[in-house]
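With mmCIF, C-alpha atoms inside, this is input_24.cif:
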```cif
data_target
#
loop_
_atom_site.label_atom_id
_atom_site.label_comp_id
_atom_site.auth_asym_id
_atom_site.auth_seq_id
_atom_site.Cartn_x
_atom_site.Cartn_y
_atom_site.Cartn_z
CA GLY Z 1 165.03 130.45 137.70
CA ALA Z 2 168.56 129.21 137.21
CA VAL Z 3 170.61 127.74 140.04
CA VAL Z 4 174.15 128.62 141.03
CA SER Z 5 176.05 126.65 143.65
CA GLN Z 6 179.16 127.48 145.60
CA HIS Z 7 181.53 125.21 147.42
CA PRO Z 8 182.44 125.24 150.19
CA SER Z 9 179.76 127.08 152.16
CA TRP Z 10 182.31 128.07 154.75
CA VAL Z 11 185.99 127.58 155.34
CA ILE Z 12 188.36 128.34 158.18
CA CYS Z 13 192.04 128.39 157.38
CA LYS Z 14 195.33 129.45 158.85
CA SER Z 15 197.09 132.60 157.77
CA GLY Z 16 199.37 132.00 154.81
CA THR Z 17 197.42 129.16 153.25
CA SER Z 18 195.48 129.26 149.99
CA VAL Z 19 191.79 128.62 149.66
CA LYS Z 20 189.84 127.70 146.53
CA ILE Z 21 186.16 128.53 146.12
CA GLU Z 22 184.12 126.98 143.33
CA CYS Z 23 181.14 128.52 141.62
CA ARG Z 24 178.97 126.38 139.37
CA SER Z 25 175.95 127.10 137.23
CA LEU Z 26 173.91 123.94 137.56
CA ASP Z 27 171.30 124.13 134.84
CA PHE Z 28 172.56 126.70 132.40
CA GLN Z 29 175.73 127.81 130.72
CA ALA Z 30 177.28 131.00 131.97
CA THR Z 31 179.72 132.73 129.70
CA THR Z 32 180.20 135.39 132.33
CA MET Z 33 180.49 135.01 136.06
CA PHE Z 34 181.15 137.68 138.65
CA TRP Z 35 182.87 137.52 142.01
CA TYR Z 36 181.88 139.76 144.91
CA ARG Z 37 182.94 140.11 148.48
CA GLN Z 38 180.75 141.41 151.22
CA PHE Z 39 181.72 142.61 154.67
CA PRO Z 40 179.17 142.45 157.50
CA LYS Z 41 176.26 144.80 156.96
CA GLN Z 42 177.87 146.26 153.86
CA SER Z 43 177.26 146.16 150.18
CA LEU Z 44 178.41 143.67 147.58
CA MET Z 45 181.71 144.85 146.18
CA LEU Z 46 182.49 143.63 142.71
CA MET Z 47 185.94 142.05 142.61
CA ALA Z 48 186.23 140.70 139.10
CA THR Z 49 184.45 139.59 135.98
CA SER Z 50 185.22 136.08 134.83
CA ASN Z 51 184.78 135.05 131.22
CA GLU Z 52 185.04 131.48 130.01
CA GLY Z 53 188.31 130.83 128.26
CA SER Z 54 189.87 134.22 128.90
CA LYS Z 55 191.57 136.13 131.67
CA ALA Z 56 189.45 137.67 134.34
CA THR Z 57 188.96 141.42 134.48
CA TYR Z 58 189.65 142.81 137.93
CA GLU Z 59 188.18 145.90 139.51
CA GLN Z 60 190.46 148.69 140.55
CA GLY Z 61 192.15 147.96 143.85
CA VAL Z 62 191.72 144.18 143.66
CA GLU Z 63 195.03 142.31 143.61
CA LYS Z 64 194.95 139.86 140.73
CA ASP Z 65 197.89 137.90 142.10
CA LYS Z 66 196.13 137.42 145.38
CA PHE Z 67 192.69 136.56 144.05
CA LEU Z 68 193.24 134.12 141.22
CA ILE Z 69 190.22 133.48 139.04
CA ASN Z 70 189.89 130.66 136.56
CA HIS Z 71 186.86 130.13 134.34
CA ALA Z 72 187.63 126.71 132.95
CA SER Z 73 184.24 125.88 131.49
CA LEU Z 74 180.84 127.39 130.82
CA THR Z 75 179.60 126.08 134.15
CA LEU Z 76 182.56 126.53 136.49
CA SER Z 77 184.56 129.44 137.79
CA THR Z 78 186.99 129.25 140.69
CA LEU Z 79 188.39 131.89 143.00
CA THR Z 80 191.61 131.10 144.82
CA VAL Z 81 192.63 133.33 147.69
CA THR Z 82 196.38 132.93 147.85
CA SER Z 83 198.38 133.38 151.03
CA ALA Z 84 195.26 134.34 152.91
CA HIS Z 85 195.46 136.74 155.84
CA PRO Z 86 192.88 137.72 158.46
CA GLU Z 87 191.92 140.83 156.50
CA ASP Z 88 190.77 138.52 153.68
CA SER Z 89 188.07 137.13 155.94
CA SER Z 90 184.79 137.94 154.29
CA PHE Z 91 181.71 136.58 152.58
CA TYR Z 92 182.51 135.76 148.97
CA ILE Z 93 179.62 135.48 146.53
CA CYS Z 94 179.63 134.57 142.88
CA SER Z 95 176.96 135.27 140.34
CA ALA Z 96 176.37 134.00 136.85
CA GLU Z 97 174.63 135.61 133.97
CA ALA Z 98 172.46 133.49 131.69
CA GLY Z 99 172.29 136.15 129.06
CA THR Z 100 170.54 134.21 126.35
CA ILE Z 101 167.84 132.87 128.63
CA PHE Z 102 167.25 135.52 131.24
CA PHE Z 103 168.59 138.68 129.73
CA GLY Z 104 170.72 140.66 132.12
CA GLU Z 105 169.61 138.75 135.18
CA GLN Z 106 172.34 137.58 137.48
CA PHE Z 107 171.84 134.51 139.61
CA PHE Z 108 173.78 134.47 142.84
CA GLY Z 109 175.35 131.54 144.57
CA PRO Z 110 174.73 130.99 148.29
CA GLY Z 111 178.11 132.47 149.19
CA THR Z 112 181.21 131.21 150.96
CA ARG Z 113 182.21 132.54 154.34
CA LEU Z 114 185.98 132.63 154.67
CA THR Z 115 187.59 133.02 158.07
CA VAL Z 116 191.35 133.34 158.21
CA LEU Z 117 192.90 132.77 161.62
CA GLN W 1 180.30 154.09 140.32
CA GLN W 2 178.43 152.83 143.37
CA PRO W 3 174.82 154.03 143.35
CA VAL W 4 173.35 155.80 146.35
CA GLN W 5 170.42 154.21 148.13
CA SER W 6 168.02 155.88 150.49
CA PRO W 7 166.88 155.49 153.12
CA GLN W 8 169.49 153.39 154.91
CA ALA W 9 166.88 151.70 157.03
CA VAL W 10 163.11 151.45 157.25
CA ILE W 11 160.93 150.03 159.99
CA LEU W 12 157.35 149.20 159.12
CA ARG W 13 154.28 147.62 160.57
CA GLU W 14 152.74 144.82 158.56
CA GLY W 15 150.50 146.29 155.89
CA GLU W 16 152.34 149.59 155.56
CA ASP W 17 154.04 150.82 152.41
CA ALA W 18 157.65 151.73 151.74
CA VAL W 19 159.71 153.29 148.97
CA ILE W 20 163.41 152.70 148.43
CA ASN W 21 165.34 154.95 146.10
CA CYS W 22 168.46 154.35 144.08
CA SER W 23 170.32 157.07 142.23
CA SER W 24 173.46 157.14 140.15
CA SER W 25 175.86 159.85 139.10
CA LYS W 26 176.45 158.01 135.82
CA ALA W 27 174.10 157.15 133.00
CA LEU W 28 172.32 153.85 133.52
CA TYR W 29 171.73 151.01 131.10
CA SER W 30 169.68 148.98 133.54
CA VAL W 31 168.78 148.72 137.21
CA HIS W 32 168.52 145.46 139.12
CA TRP W 33 166.85 144.99 142.48
CA TYR W 34 167.73 142.25 144.95
CA ARG W 35 166.71 141.30 148.47
CA GLN W 36 169.11 139.62 150.85
CA LYS W 37 168.22 137.91 154.10
CA HIS W 38 170.85 137.69 156.80
CA GLY W 39 173.52 135.11 155.97
CA GLU W 40 172.00 134.27 152.60
CA ALA W 41 172.73 135.18 149.01
CA PRO W 42 170.86 138.01 147.32
CA VAL W 43 167.65 137.01 145.59
CA PHE W 44 166.68 138.63 142.32
CA LEU W 45 163.51 140.74 142.41
CA MET W 46 163.42 142.48 139.07
CA ILE W 47 165.37 144.22 136.34
CA LEU W 48 164.42 147.42 134.58
CA LEU W 49 165.91 147.93 131.18
CA LYS W 50 164.29 150.96 129.67
CA GLY W 51 163.78 154.47 130.86
CA GLY W 52 160.25 154.89 131.99
CA GLU W 53 159.80 151.18 132.51
CA GLN W 54 157.77 150.04 135.45
CA LYS W 55 157.45 146.49 136.65
CA GLY W 56 155.91 144.61 139.49
CA HIS W 57 154.91 141.29 140.83
CA ASP W 58 152.87 140.53 143.85
CA LYS W 59 152.96 143.81 145.79
CA ILE W 60 156.48 144.83 144.91
CA SER W 61 157.02 147.13 141.96
CA ALA W 62 159.74 149.38 140.61
CA SER W 63 160.22 152.26 138.25
CA PHE W 64 163.20 153.51 136.29
CA ASN W 65 163.70 157.14 135.36
CA GLU W 66 166.52 157.07 132.87
CA LYS W 67 166.82 160.84 132.57
CA LYS W 68 167.13 161.31 136.29
CA GLN W 69 169.40 158.27 136.53
CA GLN W 70 167.36 156.82 139.32
CA SER W 71 165.06 153.98 140.21
CA SER W 72 162.59 153.41 142.99
CA LEU W 73 161.31 150.19 144.55
CA TYR W 74 157.79 150.24 145.96
CA LEU W 75 156.60 147.77 148.56
CA THR W 76 152.90 147.97 149.27
CA ALA W 77 150.97 146.33 152.08
CA SER W 78 154.24 144.95 153.42
CA GLN W 79 154.42 141.42 154.78
CA LEU W 80 156.74 139.96 157.39
CA SER W 81 158.56 138.10 154.63
CA TYR W 82 159.60 141.39 153.08
CA SER W 83 162.13 141.97 155.84
CA GLY W 84 165.70 141.98 154.62
CA THR W 85 168.25 144.21 153.00
CA TYR W 86 167.38 145.56 149.59
CA PHE W 87 170.12 146.34 147.10
CA CYS W 88 169.97 148.07 143.80
CA GLY W 89 172.57 147.12 141.24
CA THR W 90 173.34 149.39 138.35
CA ASP W 91 174.66 148.52 134.93
CA HIS W 92 176.11 151.57 133.24
CA ASP W 93 176.98 150.47 129.75
CA ARG W 94 176.43 146.90 128.78
CA GLY W 95 178.60 147.15 125.72
CA SER W 96 181.73 148.01 127.61
CA THR W 97 181.10 146.62 131.05
CA LEU W 98 179.66 143.26 130.03
CA GLY W 99 176.83 143.42 132.49
CA LYS W 100 178.89 144.32 135.55
CA LEU W 101 176.73 145.49 138.40
CA TYR W 102 177.66 148.03 141.03
CA PHE W 103 175.61 147.76 144.17
CA GLY W 104 174.40 150.41 146.57
CA ARG W 105 175.01 150.09 150.30
CA GLY W 106 171.60 148.61 150.81
CA THR W 107 168.41 149.53 152.64
CA GLN W 108 167.56 147.46 155.67
CA LEU W 109 163.82 146.87 155.84
CA THR W 110 162.24 145.49 158.98
CA VAL W 111 158.57 144.60 159.09
CA TRP W 112 156.97 144.09 162.48
CA PRO W 113 153.67 142.30 163.08
#
```
The structure in this file should be written as structure tokens.
Amino acid sequence: GAVVSQHPSWVICKSGTSVKIECRSLDFQATTMFWYRQFPKQSLMLMATSNEGSKATYEQGVEKDKFLINHASLTLSTLTVTSAHPEDSSFYICSAEAGTIFFGEQFFGPGTRLTVL
Amino acid sequence: QQPVQSPQAVILREGEDAVINCSSSKALYSVHWYRQKHGEAPVFLMILLKGGEQKGHDKISASFNEKKQQSSLYLTASQLSYSGTYFCGTDHDRGSTLGKLYFGRGTQLTVWP
């Protein structure tokens, strides 16, 4: 299968600071990447769909100005949590779709645990 | 658009069977099944693309009833390694949603020796 990495694995930051999370597809090109957040013992909630070279599409209720997504290349998407607050603490997971190789299958990164103090 | 999974939790002895159901109120294009261990990312199990399709590998299989807008995951002769939380992800219309998946709340499966 294809491999997706995320960096960092975990981050602790102070309230009011911004945090950038990187998602990379290591051995395939991903025209579409997805960002999810997951609270403890809860489901994966889709935040946004990231397409290379275009603006991200956000799900209803997700603040686009707070969660900035950039899909600069076919192997890299970044999520920046701006002016983070404790309620933003969560597990953030990205996934990438290798549509031409593994139709419809999404490969998930290992996730980034964000803790905002 | 979040699908409904049932049951919420299952406790099994090694070697027993389990069924996890996933149903949607909207028409489905495909159903994806994942297993997640605590603190780890979800791991892909299988995808079902066509109504009536059934798939399996090892002792885990799944079916997709397009008309009923539901899918079931079957785990037979469960092993300790099957423990984890199982999620179904539903794709409602690939043309318009570009493969976006909406996940159920998960079914926590615990297998005891």
Shell of 12 Å around Pro42 in chain W, all atoms listed in the file, local chain residues under 6 positions omitted, as a tab-separated table (two decimals) with C-alpha atoms, in the frame of the given file:
```tsv
chain	number	residue	atom	x	y	z
Z	4	VAL	CA	174.15	128.62	141.03
Z	36	TYR	CA	181.88	139.76	144.91
Z	38	GLN	CA	180.75	141.41	151.22
Z	43	SER	CA	177.26	146.16	150.18
Z	44	LEU	CA	178.41	143.67	147.58
Z	92	TYR	CA	182.51	135.76	148.97
Z	93	ILE	CA	179.62	135.48	146.53
Z	94	CYS	CA	179.63	134.57	142.88
Z	95	SER	CA	176.96	135.27	140.34
Z	106	GLN	CA	172.34	137.58	137.48
Z	107	PHE	CA	171.84	134.51	139.61
Z	108	PHE	CA	173.78	134.47	142.84
Z	109	GLY	CA	175.35	131.54	144.57
Z	110	PRO	CA	174.73	130.99	148.29
Z	111	GLY	CA	178.11	132.47	149.19
W	32	HIS	CA	168.52	145.46	139.12
W	33	TRP	CA	166.85	144.99	142.48
W	34	TYR	CA	167.73	142.25	144.95
W	35	ARG	CA	166.71	141.30	148.47
W	36	GLN	CA	169.11	139.62	150.85
W	84	GLY	CA	165.70	141.98	154.62
W	85	THR	CA	168.25	144.21	153.00
W	86	TYR	CA	167.38	145.56	149.59
W	87	PHE	CA	170.12	146.34	147.10
W	88	CYS	CA	169.97	148.07	143.80
W	89	GLY	CA	172.57	147.12	141.24
W	103	PHE	CA	175.61	147.76	144.17
W	106	GLY	CA	171.60	148.61	150.81
```
Can you write out as JSON lines which residues of chain Z fall within 12 Å of chain W, alongside each residue's closest atom pair and its distance in Å to one decimal, counting all atoms listed in the file and ordering rows by chain and ascending residue number?
```
{"residue": "Z:Gly1", "atom": "CA", "partner": "W:Phe44", "partner_atom": "CA", "distance": 9.5}
{"residue": "Z:Ala2", "atom": "CA", "partner": "W:Phe44", "partner_atom": "CA", "distance": 10.9}
{"residue": "Z:Val3", "atom": "CA", "partner": "W:Val43", "partner_atom": "CA", "distance": 11.2}
{"residue": "Z:Val4", "atom": "CA", "partner": "W:Ala41", "partner_atom": "CA", "distance": 10.4}
{"residue": "Z:Ser5", "atom": "CA", "partner": "W:Ala41", "partner_atom": "CA", "distance": 10.6}
{"residue": "Z:Gln6", "atom": "CA", "partner": "W:Ala41", "partner_atom": "CA", "distance": 10.6}
{"residue": "Z:Ser9", "atom": "CA", "partner": "W:Glu40", "partner_atom": "CA", "distance": 10.6}
{"residue": "Z:Trp10", "atom": "CA", "partner": "W:Gly39", "partner_atom": "CA", "distance": 11.3}
{"residue": "Z:Thr31", "atom": "CA", "partner": "W:Leu98", "partner_atom": "CA", "distance": 10.5}
{"residue": "Z:Thr32", "atom": "CA", "partner": "W:Leu98", "partner_atom": "CA", "distance": 8.2}
{"residue": "Z:Met33", "atom": "CA", "partner": "W:Lys100", "partner_atom": "CA", "distance": 9.5}
{"residue": "Z:Phe34", "atom": "CA", "partner": "W:Lys100", "partner_atom": "CA", "distance": 7.7}
{"residue": "Z:Trp35", "atom": "CA", "partner": "W:Lys100", "partner_atom": "CA", "distance": 10.2}
{"residue": "Z:Tyr36", "atom": "CA", "partner": "W:Tyr102", "partner_atom": "CA", "distance": 10.1}
{"residue": "Z:Arg37", "atom": "CA", "partner": "W:Ala41", "partner_atom": "CA", "distance": 11.4}
{"residue": "Z:Gln38", "atom": "CA", "partner": "W:Ala41", "partner_atom": "CA", "distance": 10.4}
{"residue": "Z:Phe39", "atom": "CA", "partner": "W:Arg105", "partner_atom": "CA", "distance": 11.0}
{"residue": "Z:Pro40", "atom": "CA", "partner": "W:Gly39", "partner_atom": "CA", "distance": 9.4}
{"residue": "Z:Lys41", "atom": "CA", "partner": "W:Arg105", "partner_atom": "CA", "distance": 8.6}
{"residue": "Z:Gln42", "atom": "CA", "partner": "W:Arg105", "partner_atom": "CA", "distance": 6.0}
{"residue": "Z:Ser43", "atom": "CA", "partner": "W:Arg105", "partner_atom": "CA", "distance": 4.5}
{"residue": "Z:Leu44", "atom": "CA", "partner": "W:Phe103", "partner_atom": "CA", "distance": 6.0}
{"residue": "Z:Met45", "atom": "CA", "partner": "W:Phe103", "partner_atom": "CA", "distance": 7.1}
{"residue": "Z:Leu46", "atom": "CA", "partner": "W:Tyr102", "partner_atom": "CA", "distance": 6.7}
{"residue": "Z:Met47", "atom": "CA", "partner": "W:Lys100", "partner_atom": "CA", "distance": 10.2}
{"residue": "Z:Ala48", "atom": "CA", "partner": "W:Lys100", "partner_atom": "CA", "distance": 8.9}
{"residue": "Z:Thr49", "atom": "CA", "partner": "W:Lys100", "partner_atom": "CA", "distance": 7.3}
{"residue": "Z:Ser50", "atom": "CA", "partner": "W:Leu98", "partner_atom": "CA", "distance": 10.3}
{"residue": "Z:Asn51", "atom": "CA", "partner": "W:Leu98", "partner_atom": "CA", "distance": 9.7}
{"residue": "Z:Thr57", "atom": "CA", "partner": "W:Thr97", "partner_atom": "CA", "distance": 10.0}
{"residue": "Z:Tyr58", "atom": "CA", "partner": "W:Lys100", "partner_atom": "CA", "distance": 11.1}
{"residue": "Z:Glu59", "atom": "CA", "partner": "W:Lys100", "partner_atom": "CA", "distance": 10.2}
{"residue": "Z:Gln60", "atom": "CA", "partner": "W:Gln1", "partner_atom": "CA", "distance": 11.5}
{"residue": "Z:Ser90", "atom": "CA", "partner": "W:Gly39", "partner_atom": "CA", "distance": 11.7}
{"residue": "Z:Phe91", "atom": "CA", "partner": "W:Gly39", "partner_atom": "CA", "distance": 9.0}
{"residue": "Z:Tyr92", "atom": "CA", "partner": "W:Ala41", "partner_atom": "CA", "distance": 9.8}
{"residue": "Z:Ile93", "atom": "CA", "partner": "W:Ala41", "partner_atom": "CA", "distance": 7.3}
{"residue": "Z:Cys94", "atom": "CA", "partner": "W:Ala41", "partner_atom": "CA", "distance": 9.2}
{"residue": "Z:Ser95", "atom": "CA", "partner": "W:Ala41", "partner_atom": "CA", "distance": 9.6}
{"residue": "Z:Ala96", "atom": "CA", "partner": "W:Gly99", "partner_atom": "CA", "distance": 10.4}
{"residue": "Z:Glu97", "atom": "CA", "partner": "W:Gly99", "partner_atom": "CA", "distance": 8.2}
{"residue": "Z:Ala98", "atom": "CA", "partner": "W:Gly99", "partner_atom": "CA", "distance": 10.9}
{"residue": "Z:Gly99", "atom": "CA", "partner": "W:Gly99", "partner_atom": "CA", "distance": 9.2}
{"residue": "Z:Phe102", "atom": "CA", "partner": "W:Ile47", "partner_atom": "CA", "distance": 10.3}
{"residue": "Z:Phe103", "atom": "CA", "partner": "W:Ile47", "partner_atom": "CA", "distance": 9.2}
{"residue": "Z:Gly104", "atom": "CA", "partner": "W:Gly99", "partner_atom": "CA", "distance": 6.7}
{"residue": "Z:Glu105", "atom": "CA", "partner": "W:Ile47", "partner_atom": "CA", "distance": 7.0}
{"residue": "Z:Gln106", "atom": "CA", "partner": "W:Phe44", "partner_atom": "CA", "distance": 7.5}
{"residue": "Z:Phe107", "atom": "CA", "partner": "W:Phe44", "partner_atom": "CA", "distance": 7.1}
{"residue": "Z:Phe108", "atom": "CA", "partner": "W:Ala41", "partner_atom": "CA", "distance": 6.3}
{"residue": "Z:Gly109", "atom": "CA", "partner": "W:Ala41", "partner_atom": "CA", "distance": 6.3}
{"residue": "Z:Pro110", "atom": "CA", "partner": "W:Ala41", "partner_atom": "CA", "distance": 4.7}
{"residue": "Z:Gly111", "atom": "CA", "partner": "W:Ala41", "partner_atom": "CA", "distance": 6.0}
{"residue": "Z:Thr112", "atom": "CA", "partner": "W:Ala41", "partner_atom": "CA", "distance": 9.6}
{"residue": "Z:Arg113", "atom": "CA", "partner": "W:Gly39", "partner_atom": "CA", "distance": 9.2}
```
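Nearest to Leu109 in chain W of all the residues W:Thr76, W:Gln8, W:Asn65, W:Gln70 is W:Gln8, based on only C-alpha atoms.
Put simply, the PyMOL selection byres ((chain W and resi 63) around 8) in this file takes in Leu48, Gly52, Glu53, Gln54, Lys55, Ser61, Ala62, Phe64, Asn65, Ser71, Ser72 and Leu73 of chain W.
Atom to atom, CA of Glu52 in chain Z and CA of Lys26 in chain W stand 28.5 Å apart.
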Evaluate the PyMOL selection byres ((chain Z and resi 80) around 9) and record the selected residues as an MDAnalysis selection string, following the chain and residue labels used in the document.
-> chainID Z and resid 18:22 66:70 78:79 81:82
Measure the distance from CA of Ala9 in chain W to CA of Lys67 in chain W in Å and round it to one decimal.
-> 26.1 Å
Residues in the PyMOL selection byres ((chain W and resi 60) around 7), expressed as a PyMOL selection string = chain W and resi 56-59+61+74-76
At what distance in Å, to one decimal, does CA of Gly61 in chain Z lie from CA of Ser23 in chain W?
-> 23.7 Å
Excluding same-chain residues fewer than 4 positions from Ser78 in chain W, what lies within 7 Å of it counting only C-alpha atoms, as a PyMOL selection string?
-> chain W and resi 14-17+82
